[in-house]
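Undergrad: The structure file final_24.csv (CSV, C-alpha atoms) is provided below.
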chain,number,residue,atom,x,y,z
A,1141,MET,CA,-3.3,68.9,10.6
A,1142,PRO,CA,-7.0,68.0,11.1
A,1143,ALA,CA,-8.2,64.9,9.3
A,1144,THR,CA,-10.4,65.7,6.3
A,1145,ASN,CA,-10.4,62.4,4.3
A,1146,PRO,CA,-13.5,60.5,5.3
A,1147,ILE,CA,-12.0,57.1,4.4
A,1148,TRP,CA,-9.9,57.0,7.6
A,1149,GLY,CA,-12.9,57.4,9.8
A,1150,GLU,CA,-14.7,54.6,7.8
A,1151,LEU,CA,-11.7,52.3,8.1
A,1152,ASP,CA,-11.5,53.0,11.9
A,1153,SER,CA,-15.1,52.1,12.4
A,1154,LEU,CA,-14.6,48.8,10.5
A,1155,LEU,CA,-11.5,48.0,12.5
A,1156,GLU,CA,-13.4,48.6,15.7
A,1157,ARG,CA,-16.1,46.2,14.6
A,1158,ARG,CA,-13.5,43.7,13.7
A,1159,GLN,CA,-11.9,44.0,17.1
A,1160,ALA,CA,-15.2,43.5,18.8
A,1161,GLU,CA,-15.6,40.2,16.9
A,1162,GLY,CA,-12.2,39.0,18.1
A,1163,LEU,CA,-10.7,39.1,14.6
A,1164,ASP,CA,-8.3,42.1,14.8
A,1165,ARG,CA,-4.7,41.4,14.0
A,1166,HIS,CA,-1.8,43.2,15.7
A,1167,ARG,CA,1.9,43.2,14.9
A,1168,LYS,CA,3.9,41.6,17.7
A,1169,CYS,CA,7.7,41.5,18.1
A,1170,TRP,CA,9.1,38.0,18.8
A,1171,VAL,CA,12.7,37.2,19.5
A,1172,PRO,CA,13.7,33.7,18.4
A,1173,ARG,CA,16.3,32.1,20.7
A,1174,SER,CA,16.5,28.6,19.1
A,1175,PRO,CA,14.3,26.4,16.9
A,1176,ARG,CA,12.2,25.5,20.0
A,1177,LEU,CA,12.2,28.7,22.1
A,1178,ILE,CA,10.8,32.1,21.4
A,1179,VAL,CA,10.6,35.2,23.6
A,1180,SER,CA,7.4,37.3,23.5
A,1181,ASP,CA,7.1,41.0,23.5
A,1182,ASP,CA,6.5,40.9,27.3
A,1183,GLY,CA,9.7,38.9,28.0
A,1184,CYS,CA,8.2,35.4,28.4
A,1185,SER,CA,10.2,32.5,27.1
A,1186,LEU,CA,7.9,30.1,25.3
A,1187,LEU,CA,8.1,26.7,23.7
A,1188,HIS,CA,7.7,27.5,20.1
A,1189,PHE,CA,5.1,25.7,18.0
A,1190,GLY,CA,4.4,28.4,15.5
A,1191,SER,CA,7.2,28.1,12.9
A,1192,ASN,CA,7.3,26.5,9.4
A,1193,ASP,CA,11.1,25.8,9.7
A,1194,TYR,CA,10.3,22.1,10.0
A,1195,LEU,CA,13.8,20.7,9.5
A,1196,CYS,CA,15.5,23.6,11.5
A,1197,LEU,CA,17.7,24.4,8.5
A,1198,GLY,CA,17.1,28.1,9.1
A,1199,TRP,CA,19.2,27.6,12.2
A,1200,ASN,CA,21.7,25.1,10.9
A,1201,ARG,CA,25.2,26.2,11.9
A,1202,GLU,CA,26.8,23.4,9.9
A,1203,GLN,CA,25.8,25.0,6.6
A,1204,GLU,CA,29.0,27.0,6.2
A,1205,SER,CA,31.3,24.1,6.7
A,1206,SER,CA,29.3,21.7,4.5
A,1207,ALA,CA,29.0,24.0,1.6
A,1208,ALA,CA,30.9,23.3,-1.6
A,1209,PRO,CA,33.7,25.8,-2.4
A,1210,GLU,CA,31.7,27.7,-5.0
A,1211,VAL,CA,29.0,28.5,-2.4
A,1212,SER,CA,31.0,29.0,0.7
A,1213,GLY,CA,30.7,32.4,2.3
A,1214,TYR,CA,27.6,34.4,2.1
A,1215,CYS,CA,28.6,36.4,-0.9
A,1216,ASN,CA,31.9,35.8,-2.6
A,1217,SER,CA,31.5,38.8,-4.9
A,1218,GLY,CA,30.8,41.2,-2.0
A,1219,ARG,CA,27.4,41.9,-3.5
A,1220,TYR,CA,24.1,41.4,-1.6
A,1221,GLY,CA,21.2,42.5,-3.8
A,1222,ALA,CA,20.7,41.1,-7.3
A,1223,GLY,CA,20.1,44.6,-8.5
A,1224,ALA,CA,17.4,44.0,-11.1
A,1225,SER,CA,14.7,41.7,-12.3
A,1226,PRO,CA,15.9,38.4,-13.7
A,1227,SER,CA,15.0,39.4,-17.2
A,1228,ILE,CA,17.3,42.5,-17.0
A,1229,SER,CA,20.5,41.6,-15.1
A,1230,GLY,CA,19.3,39.9,-11.9
A,1231,TYR,CA,19.8,36.3,-13.0
A,1232,THR,CA,23.3,35.5,-11.7
A,1233,PRO,CA,25.3,32.3,-11.8
A,1234,ASP,CA,24.1,31.7,-8.2
A,1235,HIS,CA,20.5,32.0,-9.3
A,1236,ALA,CA,21.1,29.6,-12.2
A,1237,ALA,CA,22.8,27.1,-9.9
A,1238,LEU,CA,19.9,27.2,-7.5
A,1239,VAL,CA,17.4,26.7,-10.4
A,1240,SER,CA,19.4,23.6,-11.5
A,1241,GLU,CA,19.4,22.1,-7.9
A,1242,LEU,CA,15.6,22.7,-7.6
A,1243,ALA,CA,14.9,21.0,-10.9
A,1244,LEU,CA,17.0,18.1,-9.7
A,1245,LEU,CA,15.3,18.0,-6.3
A,1246,CYS,CA,11.9,17.8,-8.0
A,1247,GLY,CA,12.9,15.5,-10.8
A,1248,ALA,CA,11.9,18.2,-13.4
A,1249,GLU,CA,13.3,19.4,-16.6
A,1250,ASP,CA,13.7,23.0,-15.4
A,1251,ALA,CA,12.7,25.4,-12.7
A,1252,VAL,CA,12.2,29.2,-12.2
A,1253,LEU,CA,12.6,31.4,-9.1
A,1254,PHE,CA,10.1,33.9,-7.7
A,1255,PRO,CA,10.5,36.4,-4.9
A,1256,SER,CA,8.1,34.5,-2.6
A,1257,GLY,CA,5.9,31.5,-2.5
A,1258,TYR,CA,2.8,33.8,-2.7
A,1259,SER,CA,4.1,35.4,-5.9
A,1260,ALA,CA,4.8,32.0,-7.4
A,1261,ASN,CA,1.3,30.8,-6.9
A,1262,VAL,CA,-0.3,34.1,-8.1
A,1263,GLY,CA,2.1,34.2,-11.1
A,1264,VAL,CA,1.7,30.6,-12.2
A,1265,VAL,CA,-2.1,30.4,-12.1
A,1266,SER,CA,-2.7,33.8,-13.7
A,1267,ALA,CA,-0.1,33.1,-16.5
A,1268,LEU,CA,-1.5,29.7,-17.4
A,1269,ALA,CA,-5.3,30.3,-17.1
A,1270,GLY,CA,-7.3,33.0,-18.9
A,1271,GLU,CA,-10.8,34.2,-19.3
A,1272,THR,CA,-11.7,31.4,-21.8
A,1273,ASP,CA,-10.6,28.6,-19.3
A,1274,VAL,CA,-12.1,26.9,-16.3
A,1275,ILE,CA,-10.4,26.2,-12.9
A,1276,PHE,CA,-11.5,23.7,-10.3
A,1277,SER,CA,-10.1,24.8,-6.9
A,1278,ASP,CA,-10.2,23.1,-3.5
A,1279,ARG,CA,-12.2,25.1,-0.9
A,1280,LEU,CA,-9.2,25.2,1.5
A,1281,ASN,CA,-6.5,26.2,-0.9
A,1282,HIS,CA,-4.0,28.8,0.2
A,1283,ALA,CA,-5.0,32.5,-0.3
A,1284,SER,CA,-2.3,32.9,-2.9
A,1285,LEU,CA,-3.8,30.2,-5.1
A,1286,ILE,CA,-7.2,31.7,-4.6
A,1287,ASP,CA,-5.9,35.1,-5.6
A,1288,GLY,CA,-4.1,33.6,-8.7
A,1289,CYS,CA,-7.4,32.1,-9.8
A,1290,ARG,CA,-9.2,35.4,-9.4
A,1291,LEU,CA,-6.5,37.3,-11.4
A,1292,SER,CA,-6.6,34.7,-14.2
A,1293,LYS,CA,-10.3,35.8,-15.0
A,1294,ALA,CA,-11.0,32.1,-15.7
A,1295,ARG,CA,-14.3,30.6,-14.6
A,1296,ILE,CA,-13.7,29.3,-11.0
A,1297,VAL,CA,-15.5,26.2,-9.7
A,1298,VAL,CA,-14.8,25.6,-6.0
A,1299,TYR,CA,-15.1,22.0,-4.8
A,1300,PRO,CA,-15.6,20.8,-1.2
A,1301,HIS,CA,-12.3,20.3,0.5
A,1302,GLY,CA,-10.7,17.0,-0.5
A,1303,ASP,CA,-14.0,15.7,-2.0
A,1304,LEU,CA,-12.8,14.2,-5.3
A,1305,VAL,CA,-16.1,12.4,-5.9
A,1306,GLU,CA,-17.8,15.8,-6.0
A,1307,LEU,CA,-14.9,17.2,-8.0
A,1308,GLU,CA,-15.5,14.6,-10.7
A,1309,LYS,CA,-19.2,15.6,-10.8
A,1310,LEU,CA,-18.2,19.2,-11.2
A,1311,ILE,CA,-15.7,18.5,-13.9
A,1312,ARG,CA,-18.3,16.5,-15.8
A,1313,THR,CA,-20.7,19.5,-15.5
A,1314,TYR,CA,-18.3,22.4,-16.2
A,1315,ARG,CA,-15.3,21.1,-18.1
A,1316,ASN,CA,-16.7,21.8,-21.5
A,1317,GLN,CA,-17.2,25.5,-20.5
A,1318,GLY,CA,-13.5,26.2,-20.7
A,1319,LYS,CA,-10.9,25.8,-23.5
A,1320,ARG,CA,-8.2,24.8,-21.0
A,1321,GLY,CA,-9.0,23.2,-17.7
A,1322,PHE,CA,-7.0,23.2,-14.4
A,1323,VAL,CA,-7.3,21.6,-11.0
A,1324,VAL,CA,-5.6,23.8,-8.4
A,1325,THR,CA,-4.7,22.3,-5.0
A,1326,ASP,CA,-2.3,22.3,-2.1
A,1327,SER,CA,-0.5,19.0,-1.5
A,1328,VAL,CA,-0.3,19.6,2.2
A,1329,PHE,CA,-2.9,22.1,3.3
A,1330,SER,CA,-1.3,24.9,5.2
A,1331,MET,CA,-3.8,25.2,8.1
A,1332,ASP,CA,-5.4,21.8,8.4
A,1333,GLY,CA,-2.2,19.8,7.7
A,1334,ASP,CA,-4.0,17.1,5.8
A,1335,LEU,CA,-2.9,15.7,2.4
A,1336,ALA,CA,-4.5,16.0,-1.0
A,1337,ASP,CA,-5.2,12.8,-2.9
A,1338,LEU,CA,-2.8,13.7,-5.7
A,1339,ARG,CA,-3.0,10.3,-7.4
A,1340,ARG,CA,-6.7,10.7,-8.0
A,1341,VAL,CA,-6.3,14.3,-9.0
A,1342,VAL,CA,-3.8,13.3,-11.7
A,1343,GLU,CA,-6.2,10.5,-12.8
A,1344,LEU,CA,-9.0,13.0,-13.3
A,1345,CYS,CA,-6.6,15.3,-15.2
A,1346,GLU,CA,-5.7,12.5,-17.5
A,1347,GLN,CA,-9.3,11.5,-18.0
A,1348,PHE,CA,-10.7,15.0,-18.6
A,1349,ASP,CA,-7.8,16.8,-20.3
A,1350,LEU,CA,-6.9,19.0,-17.3
A,1351,THR,CA,-3.6,20.3,-15.8
A,1352,ALA,CA,-2.9,20.0,-12.1
A,1353,ILE,CA,-1.3,23.0,-10.4
A,1354,VAL,CA,0.0,21.7,-7.1
A,1355,ASP,CA,1.4,23.9,-4.3
A,1356,GLU,CA,4.0,21.8,-2.5
A,1357,ALA,CA,5.0,24.6,0.0
A,1358,HIS,CA,4.5,22.5,3.1
A,1359,ALA,CA,5.5,19.2,1.5
A,1360,THR,CA,9.0,20.2,0.2
A,1361,GLY,CA,11.6,18.8,2.5
A,1362,ILE,CA,9.1,16.7,4.4
A,1363,TYR,CA,8.0,14.1,1.8
A,1364,GLY,CA,9.9,12.2,-0.8
A,1365,PRO,CA,13.2,10.2,-0.5
A,1366,GLN,CA,15.2,13.3,-1.2
A,1367,GLY,CA,12.7,15.8,0.2
A,1368,GLY,CA,11.2,16.7,-3.2
A,1369,GLY,CA,7.6,16.8,-1.9
A,1370,LEU,CA,4.4,14.7,-1.9
A,1371,VAL,CA,4.5,14.2,-5.7
A,1372,GLN,CA,7.9,12.6,-5.3
A,1373,HIS,CA,6.8,10.7,-2.2
A,1374,LEU,CA,3.9,9.1,-4.1
A,1375,GLY,CA,6.0,8.3,-7.2
A,1376,ILE,CA,3.7,10.3,-9.5
A,1377,GLY,CA,5.1,10.9,-13.0
A,1378,SER,CA,2.9,13.0,-15.2
A,1379,ASP,CA,3.4,15.9,-17.6
A,1380,ARG,CA,0.0,17.2,-16.4
A,1381,LEU,CA,1.6,18.4,-13.1
A,1382,VAL,CA,2.8,21.9,-12.4
A,1383,LYS,CA,4.7,21.9,-9.1
A,1384,ILE,CA,5.1,25.1,-7.0
A,1385,GLY,CA,7.3,25.2,-4.0
A,1386,THR,CA,8.8,27.7,-1.5
A,1387,LEU,CA,12.2,28.3,-0.1
A,1388,SER,CA,10.7,29.7,3.2
A,1389,LYS,CA,9.5,26.6,5.0
A,1390,SER,CA,11.8,23.5,5.3
A,1391,ILE,CA,14.6,25.1,3.2
A,1392,GLY,CA,14.7,27.9,5.8
A,1393,ALA,CA,15.2,30.9,3.5
A,1394,ILE,CA,12.7,33.0,1.4
A,1395,GLY,CA,11.4,32.8,-2.1
A,1396,GLY,CA,9.3,30.6,-4.3
A,1397,PHE,CA,9.9,28.3,-7.2
A,1398,VAL,CA,8.1,26.4,-10.0
A,1399,ALA,CA,9.4,23.1,-11.4
A,1400,GLY,CA,8.2,21.3,-14.5
A,1401,PRO,CA,8.7,20.9,-18.3
A,1402,ARG,CA,11.0,23.4,-20.1
A,1403,VAL,CA,8.1,24.7,-22.1
A,1404,LEU,CA,6.3,25.6,-18.9
A,1405,ILE,CA,9.3,27.5,-17.5
A,1406,ARG,CA,9.8,29.3,-20.7
A,1407,TRP,CA,6.2,30.4,-20.7
A,1408,LEU,CA,6.4,31.7,-17.1
A,1409,VAL,CA,9.6,33.6,-17.9
A,1410,ASN,CA,7.7,35.4,-20.6
A,1411,PHE,CA,4.3,35.8,-19.0
A,1412,ALA,CA,4.3,35.5,-15.2
A,1413,ARG,CA,4.1,39.1,-14.1
A,1414,PRO,CA,5.5,38.6,-10.5
A,1415,TYR,CA,8.6,37.1,-12.1
A,1416,ILE,CA,9.0,39.7,-14.8
A,1417,TYR,CA,8.4,42.8,-12.7
A,1418,SER,CA,10.2,41.8,-9.4
A,1419,THR,CA,13.8,42.2,-8.5
A,1420,SER,CA,15.6,38.8,-8.1
A,1421,LEU,CA,16.3,37.2,-4.8
A,1422,PRO,CA,19.4,38.6,-2.9
A,1423,ILE,CA,22.5,36.5,-3.7
A,1424,PRO,CA,23.2,35.4,-0.1
A,1425,VAL,CA,19.6,34.1,0.2
A,1426,VAL,CA,20.2,32.0,-3.0
A,1427,GLN,CA,23.4,30.7,-1.6
A,1428,PHE,CA,21.8,29.8,1.7
A,1429,ALA,CA,19.0,28.0,-0.1
A,1430,ARG,CA,21.5,25.9,-2.1
A,1431,ARG,CA,23.2,24.8,1.0
A,1432,SER,CA,19.9,23.9,2.7
A,1433,ILE,CA,18.8,21.8,-0.3
A,1434,ARG,CA,22.1,19.9,-0.2
A,1435,LEU,CA,21.5,19.1,3.4
A,1436,LEU,CA,17.8,18.2,3.3
A,1437,ARG,CA,18.4,15.7,0.4
A,1438,GLU,CA,20.3,13.6,2.9
A,1439,MET,CA,17.7,13.9,5.8
A,1440,GLU,CA,15.4,11.0,5.0
A,1441,ARG,CA,15.7,9.6,8.6
A,1442,GLN,CA,14.8,12.9,10.1
A,1443,ARG,CA,11.8,13.3,7.7
A,1444,VAL,CA,10.5,9.9,8.8
A,1445,GLN,CA,11.1,10.8,12.4
A,1446,LEU,CA,9.2,14.1,12.1
A,1447,ARG,CA,6.2,12.5,10.4
A,1448,GLU,CA,6.0,9.7,13.0
A,1449,SER,CA,6.1,12.3,15.8
A,1450,SER,CA,3.3,14.3,14.1
A,1451,PHE,CA,1.2,11.2,13.6
A,1452,GLN,CA,1.6,10.2,17.3
A,1453,LEU,CA,0.8,13.6,18.5
A,1454,ARG,CA,-2.5,13.5,16.6
A,1455,ALA,CA,-3.4,10.2,18.1
A,1456,THR,CA,-2.6,11.3,21.6
A,1457,LEU,CA,-4.7,14.5,21.2
A,1458,ARG,CA,-7.6,12.5,19.9
A,1459,GLU,CA,-7.4,10.2,23.0
A,1460,HIS,CA,-7.8,13.3,25.1
A,1461,GLY,CA,-11.0,14.2,23.3
A,1462,HIS,CA,-9.8,16.8,20.8
A,1463,ARG,CA,-10.9,17.0,17.2
A,1464,VAL,CA,-7.7,17.0,15.2
A,1465,GLY,CA,-6.8,17.1,11.5
A,1466,GLY,CA,-5.7,14.0,9.6
A,1467,GLY,CA,-2.4,13.0,8.0
A,1468,ASP,CA,1.1,12.9,9.2
A,1469,SER,CA,2.5,16.3,8.2
A,1470,PRO,CA,4.2,18.5,10.8
A,1471,ILE,CA,1.1,20.8,10.8
A,1472,VAL,CA,-1.3,19.5,13.6
A,1473,SER,CA,-4.6,21.3,13.7
A,1474,ILE,CA,-6.7,21.3,16.9
A,1475,TYR,CA,-10.2,22.5,16.1
A,1476,ALA,CA,-12.2,24.8,18.4
A,1477,SER,CA,-15.9,25.7,18.5
A,1478,GLY,CA,-15.4,29.3,17.4
A,1479,VAL,CA,-13.3,32.5,17.6
A,1480,GLU,CA,-13.7,33.1,21.3
A,1481,ALA,CA,-12.8,29.5,22.2
A,1482,VAL,CA,-9.6,29.3,20.0
A,1483,VAL,CA,-8.3,32.7,21.2
A,1484,GLY,CA,-8.9,31.6,24.8
A,1485,TRP,CA,-7.1,28.3,24.2
A,1486,SER,CA,-4.1,30.1,22.7
A,1487,LEU,CA,-3.9,32.5,25.6
A,1488,ARG,CA,-4.1,29.7,28.2
A,1489,LEU,CA,-1.3,27.8,26.4
A,1490,ARG,CA,0.8,31.0,26.5
A,1491,GLU,CA,0.3,31.2,30.2
A,1492,ARG,CA,1.5,27.6,30.5
A,1493,GLY,CA,4.7,28.4,28.5
A,1494,PHE,CA,3.7,27.5,24.9
A,1495,TYR,CA,3.3,29.5,21.8
A,1496,VAL,CA,0.6,28.0,19.6
A,1497,PRO,CA,-1.1,30.5,17.3
A,1498,ALA,CA,-4.9,30.7,17.1
A,1499,ILE,CA,-6.1,30.6,13.4
A,1500,ARG,CA,-9.3,32.6,12.8
A,1501,PRO,CA,-11.3,34.0,9.8
A,1502,PRO,CA,-10.5,35.0,7.2
A,1503,THR,CA,-7.6,32.6,7.2
A,1504,VAL,CA,-10.0,29.7,7.8
A,1505,PRO,CA,-13.8,29.5,7.5
A,1506,VAL,CA,-15.8,30.7,10.5
A,1507,ASP,CA,-16.7,27.1,11.4
A,1508,SER,CA,-13.1,25.9,11.3
A,1509,CYS,CA,-11.2,28.0,13.9
A,1510,LEU,CA,-8.1,26.0,15.1
A,1511,LEU,CA,-4.9,26.0,17.0
A,1512,ARG,CA,-2.1,25.4,14.5
A,1513,VAL,CA,0.7,23.3,16.1
A,1514,SER,CA,3.8,23.3,13.9
A,1515,LEU,CA,6.4,20.6,14.8
A,1516,ASN,CA,10.0,20.7,14.0
A,1517,LEU,CA,13.0,18.4,14.6
A,1518,SER,CA,14.1,20.3,17.7
A,1519,HIS,CA,10.9,19.4,19.7
A,1520,THR,CA,11.6,16.6,22.2
A,1521,GLU,CA,9.2,13.8,23.3
A,1522,GLU,CA,9.0,15.7,26.6
A,1523,ASP,CA,8.0,18.9,24.8
A,1524,LEU,CA,5.1,17.0,23.1
A,1525,ARG,CA,4.0,15.3,26.3
A,1526,MET,CA,3.9,18.7,28.1
A,1527,LEU,CA,2.0,20.2,25.2
A,1528,VAL,CA,-0.7,17.5,25.4
A,1529,GLU,CA,-1.0,18.0,29.1
A,1530,ALA,CA,-1.4,21.8,28.6
A,1531,CYS,CA,-4.1,21.1,26.0
A,1532,ARG,CA,-6.5,19.7,28.6
A,1533,PHE,CA,-9.1,22.4,28.0
Mind turning the file's structure into structure tokens?
TA:
Amino acid sequence: MPATNPIWGELDSLLERRQAEGLDRHRKCWVPRSPRLIVSDDGCSLLHFGSNDYLCLGWNREQESSAAPEVSGYCNSGRYGAGASPSISGYTPDHAALVSELALLCGAEDAVLFPSGYSANVGVVSALAGETDVIFSDRLNHASLIDGCRLSKARIVVYPHGDLVELEKLIRTYRNQGKRGFVVTDSVFSMDGDLADLRRVVELCEQFDLTAIVDEAHATGIYGPQGGGLVQHLGIGSDRLVKIGTLSKSIGAIGGFVAGPRVLIRWLVNFARPYIYSTSLPIPVVQFARRSIRLLREMERQRVQLRESSFQLRATLREHGHRVGGGDSPIVSIYASGVEAVVGWSLRLRERGFYVPAIRPPTVPVDSCLLRVSLNLSHTEEDLRMLVEACRF
């Protein structure tokens, strides 16, 4: 059948232009062999520095034997899918048990599950903020937080990344232009790997009657004495905090969650559209997440070890002349001069036996292209030494 719809031709031209700029994305088929090895679509076995499974719990073969009787076996009932949204019939005893364990992990009164971390961020921001409100959003927040801000129809004031002096100035200027006010931020930033100054964020919220919405996706499992995240790690106790997390990073499963006061959770159950209009997580996924949480709560030694390795890798890369992101999270960013350079670096690393993804616009600003090195517990000292040697660009 001949093409008659002009939109396809327009889209093809735009994609050709994007490809010429080095920004085109392609689906590639990867075969994971272990937490540290991955096989590319052309059959090359590569050291894998592109996963968010920081604690390797997605591969943990001990989960089955360590599970309590009520969660042993992937699905005692023989049922996989939850079958409905949680407000209809998709909220099972397994879901309720996971909610309780997440609330305990985060030191919160209650929690609620979402089908993904993305939907949790979108759902929370758009359910809490409205067109009469004002949101102060970090420039480098995750796309899902940005989309949640847009969907809320609130006034959005973007502040320079991590610049809380400028944030305070903006709050003083614009806070009175919204009935409710919110500061929205990642705790560990997903591309740069640095940490938000959450203590100061909460101080500003207390001072100017704001609520902090904090995405702990990359902090859950990595920070805190039980893996509850950066808020727990810093010992921050405030009812002005809304904590969002994911089951898909350190927990090794899929899904999102929110933890906080009971009144917050009740509000989200009633008004967060991604929660109301999505089918609940499959029961085996929920059971797997419960087992992971029970394991990661006892992994403080491994958390410290991973952060120390991350800190040391940053220091070594700087000694070799690279501009590297700050902090001690497992996300180590190596900045490049532009799109062409970062794509070239990634290809050269692949030729040397490493998979390190090149991060380009629109994921990051055009002046912030980077290699995103993701560390996990399976990486050895020798792996990191070889990676540094391979990064002699």
Undergrad: Which neighbours of Ile1391 (chain A) fall inside 9 Å, counting all atoms listed in the file, when residues of the same chain fewer than 3 positions from it are skipped, and could you give them as a PDB file with C-alpha atoms, in the coordinates of the input?
TA:
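As written to disk, around.pdb reads:
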ATOM      1  CA  ASP A1193      11.100  25.800   9.700  1.00  0.00           C
ATOM      2  CA  TYR A1194      10.300  22.100  10.000  1.00  0.00           C
ATOM      3  CA  LEU A1195      13.800  20.700   9.500  1.00  0.00           C
ATOM      4  CA  CYS A1196      15.500  23.600  11.500  1.00  0.00           C
ATOM      5  CA  LEU A1197      17.700  24.400   8.500  1.00  0.00           C
ATOM      6  CA  GLY A1198      17.100  28.100   9.100  1.00  0.00           C
ATOM      7  CA  THR A1360       9.000  20.200   0.200  1.00  0.00           C
ATOM      8  CA  GLY A1361      11.600  18.800   2.500  1.00  0.00           C
ATOM      9  CA  THR A1386       8.800  27.700  -1.500  1.00  0.00           C
ATOM     10  CA  LEU A1387      12.200  28.300  -0.100  1.00  0.00           C
ATOM     11  CA  SER A1388      10.700  29.700   3.200  1.00  0.00           C
ATOM     12  CA  ILE A1394      12.700  33.000   1.400  1.00  0.00           C
ATOM     13  CA  PHE A1428      21.800  29.800   1.700  1.00  0.00           C
ATOM     14  CA  ALA A1429      19.000  28.000  -0.100  1.00  0.00           C
ATOM     15  CA  ARG A1430      21.500  25.900  -2.100  1.00  0.00           C
ATOM     16  CA  ARG A1431      23.200  24.800   1.000  1.00  0.00           C
ATOM     17  CA  SER A1432      19.900  23.900   2.700  1.00  0.00           C
ATOM     18  CA  ILE A1433      18.800  21.800  -0.300  1.00  0.00           C
ATOM     19  CA  LEU A1436      17.800  18.200   3.300  1.00  0.00           C
TER      20      LEU A1436
END
Undergrad: Given all atoms listed in the file as the basis, pick out the residue of A:Ile1474, A:Gly1288, A:Trp1170, A:Gly1221 nearest to Asp1182 (chain A).
TA: A:Trp1170
Undergrad: Skip region 1160-1166 of chain A itself and residues of its chain fewer than 6 positions away, then list as JSON, numbers by chain all residues within 7 Å of it, counting all atoms listed in the file.
TA: {"A": [1479, 1480, 1500]}
Undergrad: Mind pulling up the distance from CA of Pro1414 (chain A) to CA of Gly1263 (chain A)?
TA: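 Spanning CA of Gly1263 (chain A) to CA of Pro1414 (chain A) is a straight-line distance of 5.6 Å.
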Undergrad: Fewer than 4 positions away in the same chain doesn't count, so skip those; otherwise give me all residues within 8 Å of Ser1277 (chain A), counting all atoms listed in the file, as a PDB file with C-alpha atoms, in the frame of the given file.
TA:
ATOM      1  CA  ASN A1281      -6.500  26.200  -0.900  1.00  0.00           C
ATOM      2  CA  ILE A1286      -7.200  31.700  -4.600  1.00  0.00           C
ATOM      3  CA  ILE A1296     -13.700  29.300 -11.000  1.00  0.00           C
ATOM      4  CA  VAL A1297     -15.500  26.200  -9.700  1.00  0.00           C
ATOM      5  CA  VAL A1298     -14.800  25.600  -6.000  1.00  0.00           C
ATOM      6  CA  TYR A1299     -15.100  22.000  -4.800  1.00  0.00           C
ATOM      7  CA  VAL A1323      -7.300  21.600 -11.000  1.00  0.00           C
ATOM      8  CA  VAL A1324      -5.600  23.800  -8.400  1.00  0.00           C
ATOM      9  CA  THR A1325      -4.700  22.300  -5.000  1.00  0.00           C
TER      10      THR A1325
END
Undergrad: I'd like to know which of A:Cys1509, A:Leu1244, A:Ala1267, A:Ile1362 is closest to Arg1413 (chain A), using all atoms listed in the file.
TA: A:Ala1267
Undergrad: Using only C-alpha atoms, find the one residue out of A:Leu1511, A:Ile1178, A:Val1472, A:Ala1248 that sits nearest to Leu1381 (chain A).
TA: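 That would be A:Ala1248, the residue with the smallest distance to Leu1381 (chain A).
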Undergrad: Record the distance separating CA of Gly1392 (chain A) and CA of Ser1191 (chain A), expressed in Å with one decimal.
TA: 10.3 Å
Undergrad: Separation of CA of Glu1522 (chain A) and CA of Ser1174 (chain A), in Å?
TA: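 So the answer is 16.7 Å.
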Undergrad: My list of candidates is A:Gly1400, A:Gly1270, A:Pro1424, A:Gly1377. Which is closest to Ile1353 (chain A) when distances are computed with all atoms listed in the file?
TA: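 Among A:Gly1400, A:Gly1270, A:Pro1424, A:Gly1377, it is A:Gly1400 that comes nearest to Ile1353 (chain A).
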Undergrad: Mind checking which residues fall within 7 Å of Ser1420 (chain A), counting all atoms listed in the file, ignoring those fewer than 4 positions away in the same chain, and posting them as a list of chain:residue names?
TA: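 The residues satisfying every condition are A:Ala1222, A:Ala1224, A:Ser1225, A:Pro1226, A:Gly1230, A:Tyr1231, A:Pro1255.
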Undergrad: When distances are computed from only C-alpha atoms, which of A:Val1264, A:Phe1348, A:Leu1515, A:Ala1455 shows the smallest separation from Lys1309 (chain A)?
TA: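 Result for the nearest residue to Lys1309 (chain A): A:Phe1348.
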Undergrad: Ser1508 (chain A): which residues within 12 Å, counting only C-alpha atoms, same-chain residues fewer than 5 positions away excluded, as a short mmCIF file (atom, residue, chain, number, x, y, z; two decimals) with C-alpha atoms, in the coordinates of the input?
TA:
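Written output follows (part-v4.cif):
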data_model
loop_
_atom_site.label_atom_id
_atom_site.label_comp_id
_atom_site.auth_asym_id
_atom_site.auth_seq_id
_atom_site.Cartn_x
_atom_site.Cartn_y
_atom_site.Cartn_z
CA LEU A 1280 -9.20 25.20 1.50
CA MET A 1331 -3.80 25.20 8.10
CA ASP A 1332 -5.40 21.80 8.40
CA ARG A 1463 -10.90 17.00 17.20
CA VAL A 1464 -7.70 17.00 15.20
CA GLY A 1465 -6.80 17.10 11.50
CA SER A 1473 -4.60 21.30 13.70
CA ILE A 1474 -6.70 21.30 16.90
CA TYR A 1475 -10.20 22.50 16.10
CA ALA A 1476 -12.20 24.80 18.40
CA SER A 1477 -15.90 25.70 18.50
CA GLY A 1478 -15.40 29.30 17.40
CA VAL A 1479 -13.30 32.50 17.60
CA ALA A 1481 -12.80 29.50 22.20
CA VAL A 1482 -9.60 29.30 20.00
CA ALA A 1498 -4.90 30.70 17.10
CA ILE A 1499 -6.10 30.60 13.40
CA ARG A 1500 -9.30 32.60 12.80
CA PRO A 1501 -11.30 34.00 9.80
CA PRO A 1502 -10.50 35.00 7.20
CA THR A 1503 -7.60 32.60 7.20
#
Undergrad: When distances are computed from all atoms listed in the file, which of A:Asp1287, A:Asp1507, A:Glu1438, A:Glu1521 shows the smallest separation from Gln1452 (chain A)?
TA: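 Closest residue, counting all atoms listed in the file: A:Glu1521.
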Undergrad: Could you give me, as a Markdown table, a per-residue list for region 1396-1461 of chain A showing, wherever an atom lies at most 8 Å from an atom of region 1367-1372 of chain A, the closest pair of atoms and their distance in Å to one decimal, using only C-alpha atoms and sorting by chain then residue number from low to high?
TA:
| residue | atom | partner | partner_atom | distance |
| --- | --- | --- | --- | --- |
| A:Leu1436 | CA | A:Gly1367 | CA | 6.4 |
| A:Arg1437 | CA | A:Gly1367 | CA | 5.7 |
| A:Met1439 | CA | A:Gly1367 | CA | 7.7 |
| A:Glu1440 | CA | A:Gly1367 | CA | 7.3 |
| A:Arg1443 | CA | A:Gly1367 | CA | 8.0 |
